[in-house]
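Comments concern the structure below.
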Amino acid sequence: MTAIQGVEWKVIAFRLKDEEYAIPVQYVRSIEKIQHITRVPRTAHYVKGVINLRGVVTPIIDLRERFGFPSVPYSEQTRIIIVSIKDFEVGLIVDAANDVLDIPSSSMEPPPEAIGTVAADYIHGVARSGKRLLILLNLEKVLEK
């Protein structure tokens, strides 16, 4: 996911806690309302289980828990973003999926050095969109074990 000068990125913006995050739209297959998730024993605490989505069994990860944030009850705004990366489909539970944005590469910056935590590995960069600040996720790192 290297930024190319002069190229716009189309991203899906979503909310976790009080922050806005984004992932490139090319990885997104669909955005679903929260639904029944079948628990799978002996999985990581952030793996909520699997769903049957149009005949495909899809694992579901709660991004709040993956990032070490406290869990909250799911609401009417809670969404599952189905992403596909390297022929692997997974659902990401987020607090709300906001919208699709075009982000010019000129408004993207590398992650701030001051972060210095393991979570910084999950961040590809930061982008400004008007008055909004979006954290661009590195999906490959987020989905690693």
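FYI, nothing fancy with the structure tokens labels: chains A, B, ... in order, residues from 1 per chain, ligands from 1 as they appear.
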
Would you write out, as CSV, a table of all residues in stretch 64-87 of chain A that have an atom no more than 12 Å from an atom of stretch 49-59 of chain A, listing for each the closest atom pair and the distance in Å to one decimal, considering only C-alpha atoms and ordering rows by chain and rising residue number?
```
residue,atom,partner,partner_atom,distance
A:Ile80,CA,A:Ile51,CA,10.4
A:Ile81,CA,A:Thr58,CA,11.2
A:Ile82,CA,A:Thr58,CA,8.5
A:Val83,CA,A:Thr58,CA,10.0
A:Ser84,CA,A:Thr58,CA,10.5
```

* Backbone-only DSSP, alpha helix (DSSP H) members of stretch 12-127 of chain A, as a ChimeraX atom specification -> /A:63-66

* Rounded to one decimal in Å, what is the spacing between atom CA of A:Asn138 and atom CA of A:Gly125? -> 8.3 Å

Neighbouring residues of A:Ile61 were defined as those with any atom within 8 Å, considering only C-alpha atoms; residues of the same chain fewer than 2 positions away were excluded. Please report them as a PDB file with all heavy atoms, in the first residue's frame.
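The new file result.pdb reads:
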```pdb
ATOM      1  N   TYR A  46     -10.399 -12.148  20.325  1.00  0.00           N
ATOM      2  CA  TYR A  46     -10.979 -11.181  19.390  1.00  0.00           C
ATOM      3  C   TYR A  46     -11.682 -11.844  18.212  1.00  0.00           C
ATOM      4  O   TYR A  46     -12.359 -11.182  17.440  1.00  0.00           O
ATOM      5  CB  TYR A  46      -9.921 -10.184  18.895  1.00  0.00           C
ATOM      6  CG  TYR A  46      -8.711 -10.845  18.260  1.00  0.00           C
ATOM      7  CD1 TYR A  46      -8.724 -11.217  16.930  1.00  0.00           C
ATOM      8  CD2 TYR A  46      -7.560 -11.089  19.014  1.00  0.00           C
ATOM      9  CE1 TYR A  46      -7.623 -11.823  16.344  1.00  0.00           C
ATOM     10  CE2 TYR A  46      -6.458 -11.692  18.429  1.00  0.00           C
ATOM     11  CZ  TYR A  46      -6.499 -12.063  17.101  1.00  0.00           C
ATOM     12  OH  TYR A  46      -5.408 -12.669  16.531  1.00  0.00           O
ATOM     13  N   VAL A  47     -11.538 -13.153  18.045  1.00  0.00           N
ATOM     14  CA  VAL A  47     -12.261 -13.887  16.999  1.00  0.00           C
ATOM     15  C   VAL A  47     -13.612 -14.268  17.586  1.00  0.00           C
ATOM     16  O   VAL A  47     -13.688 -15.093  18.489  1.00  0.00           O
ATOM     17  CB  VAL A  47     -11.487 -15.135  16.526  1.00  0.00           C
ATOM     18  CG1 VAL A  47     -12.304 -15.898  15.499  1.00  0.00           C
ATOM     19  CG2 VAL A  47     -10.128 -14.756  15.972  1.00  0.00           C
ATOM     20  N   LYS A  48     -14.654 -13.628  17.109  1.00  0.00           N
ATOM     21  CA  LYS A  48     -15.990 -13.817  17.682  1.00  0.00           C
ATOM     22  C   LYS A  48     -16.648 -15.099  17.203  1.00  0.00           C
ATOM     23  O   LYS A  48     -17.579 -15.584  17.823  1.00  0.00           O
ATOM     24  CB  LYS A  48     -16.888 -12.616  17.343  1.00  0.00           C
ATOM     25  CG  LYS A  48     -16.401 -11.336  17.978  1.00  0.00           C
ATOM     26  CD  LYS A  48     -16.640 -11.349  19.468  1.00  0.00           C
ATOM     27  CE  LYS A  48     -15.379 -11.250  20.267  1.00  0.00           C
ATOM     28  NZ  LYS A  48     -15.491 -11.349  21.689  1.00  0.00           N
ATOM     29  N   GLY A  49     -16.178 -15.652  16.078  1.00  0.00           N
ATOM     30  CA  GLY A  49     -16.763 -16.874  15.538  1.00  0.00           C
ATOM     31  C   GLY A  49     -16.877 -16.773  14.028  1.00  0.00           C
ATOM     32  O   GLY A  49     -16.038 -16.134  13.385  1.00  0.00           O
ATOM     33  N   PRO A  59     -15.029 -16.092   8.898  1.00  0.00           N
ATOM     34  CA  PRO A  59     -14.628 -15.774  10.278  1.00  0.00           C
ATOM     35  C   PRO A  59     -14.856 -14.290  10.574  1.00  0.00           C
ATOM     36  O   PRO A  59     -14.744 -13.444   9.688  1.00  0.00           O
ATOM     37  CB  PRO A  59     -13.140 -16.121  10.324  1.00  0.00           C
ATOM     38  CG  PRO A  59     -12.692 -16.174   8.909  1.00  0.00           C
ATOM     39  CD  PRO A  59     -13.897 -16.426   8.046  1.00  0.00           C
ATOM     40  N   LEU A  63     -12.762  -5.787  15.844  1.00  0.00           N
ATOM     41  CA  LEU A  63     -11.587  -4.906  15.773  1.00  0.00           C
ATOM     42  C   LEU A  63     -11.325  -4.179  17.082  1.00  0.00           C
ATOM     43  O   LEU A  63     -10.178  -3.907  17.417  1.00  0.00           O
ATOM     44  CB  LEU A  63     -11.736  -3.883  14.644  1.00  0.00           C
ATOM     45  CG  LEU A  63     -11.212  -4.291  13.275  1.00  0.00           C
ATOM     46  CD1 LEU A  63     -11.206  -3.105  12.330  1.00  0.00           C
ATOM     47  CD2 LEU A  63      -9.862  -4.928  13.323  1.00  0.00           C
ATOM     48  N   ARG A  66      -9.397  -6.663  19.005  1.00  0.00           N
ATOM     49  CA  ARG A  66      -8.104  -6.892  18.342  1.00  0.00           C
ATOM     50  C   ARG A  66      -7.111  -5.793  18.698  1.00  0.00           C
ATOM     51  O   ARG A  66      -5.931  -6.036  18.879  1.00  0.00           O
ATOM     52  CB  ARG A  66      -8.296  -6.952  16.821  1.00  0.00           C
ATOM     53  CG  ARG A  66      -7.029  -7.110  16.012  1.00  0.00           C
ATOM     54  CD  ARG A  66      -6.446  -8.493  16.211  1.00  0.00           C
ATOM     55  NE  ARG A  66      -5.376  -8.753  15.289  1.00  0.00           N
ATOM     56  CZ  ARG A  66      -4.198  -9.254  15.654  1.00  0.00           C
ATOM     57  NH1 ARG A  66      -3.948  -9.542  16.913  1.00  0.00           N
ATOM     58  NH2 ARG A  66      -3.262  -9.475  14.757  1.00  0.00           N
ATOM     59  N   VAL A  90     -12.645 -12.268   5.549  1.00  0.00           N
ATOM     60  CA  VAL A  90     -12.890 -12.160   6.985  1.00  0.00           C
ATOM     61  C   VAL A  90     -13.807 -10.969   7.216  1.00  0.00           C
ATOM     62  O   VAL A  90     -13.796 -10.006   6.446  1.00  0.00           O
ATOM     63  CB  VAL A  90     -11.556 -12.028   7.767  1.00  0.00           C
ATOM     64  CG1 VAL A  90     -10.833 -10.753   7.421  1.00  0.00           C
ATOM     65  CG2 VAL A  90     -11.763 -12.139   9.256  1.00  0.00           C
ATOM     66  N   GLY A  91     -14.602 -11.052   8.271  1.00  0.00           N
ATOM     67  CA  GLY A  91     -15.475  -9.945   8.646  1.00  0.00           C
ATOM     68  C   GLY A  91     -14.874  -9.188   9.813  1.00  0.00           C
ATOM     69  O   GLY A  91     -14.368  -9.797  10.764  1.00  0.00           O
ATOM     70  N   LEU A  92     -14.918  -7.866   9.756  1.00  0.00           N
ATOM     71  CA  LEU A  92     -14.388  -7.012  10.811  1.00  0.00           C
ATOM     72  C   LEU A  92     -15.548  -6.264  11.458  1.00  0.00           C
ATOM     73  O   LEU A  92     -16.240  -5.491  10.787  1.00  0.00           O
ATOM     74  CB  LEU A  92     -13.392  -6.000  10.229  1.00  0.00           C
ATOM     75  CG  LEU A  92     -12.243  -6.582   9.407  1.00  0.00           C
ATOM     76  CD1 LEU A  92     -11.440  -5.458   8.760  1.00  0.00           C
ATOM     77  CD2 LEU A  92     -11.357  -7.454  10.274  1.00  0.00           C
ATOM     78  N   ILE A  93     -15.766  -6.490  12.761  1.00  0.00           N
ATOM     79  CA  ILE A  93     -16.831  -5.783  13.469  1.00  0.00           C
ATOM     80  C   ILE A  93     -16.321  -4.400  13.841  1.00  0.00           C
ATOM     81  O   ILE A  93     -15.269  -4.261  14.465  1.00  0.00           O
ATOM     82  CB  ILE A  93     -17.268  -6.547  14.729  1.00  0.00           C
ATOM     83  CG1 ILE A  93     -17.831  -7.920  14.359  1.00  0.00           C
ATOM     84  CG2 ILE A  93     -18.320  -5.733  15.509  1.00  0.00           C
ATOM     85  CD1 ILE A  93     -18.164  -8.802  15.552  1.00  0.00           C
TER      86      ILE A  93
END
```

* With only C-alpha atoms as the atoms that count, which of A:Val94, A:Val100, A:Ile85, A:Val25 lies nearest to A:Phe69? ->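 Residue with the minimum atom-to-atom distance to A:Phe69: A:Val94.
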
* Structure fact -> Pairwise distance, atom CA of A:Val28 with atom CA of A:Glu109, equals 22.4 Å

* Quick one, how far is atom CA of A:Ala96 from atom CA of A:Glu8? -> 23.5 Å

* Excluding A:Ile12 and any residue of its chain fewer than 2 positions from it, enumerate the residues within 8 Å of it, using only C-alpha atoms, and give them as a list in words. => Lys10, Phe14, Ala22, Ile23, Pro24, Val25, Val28, Ala97, Asn98, Asp99, Val100 and Leu101 of chain A

* Which residue of A:Asp102, A:Glu76, A:Glu65, A:Glu89 approaches A:Trp9 most closely, using only C-alpha atoms -> A:Asp102

* Considering only C-alpha atoms, state which residue in the set A:Arg128, A:Lys141, A:His45, A:Lys33 is at the smallest distance from A:Gly68. => A:His45
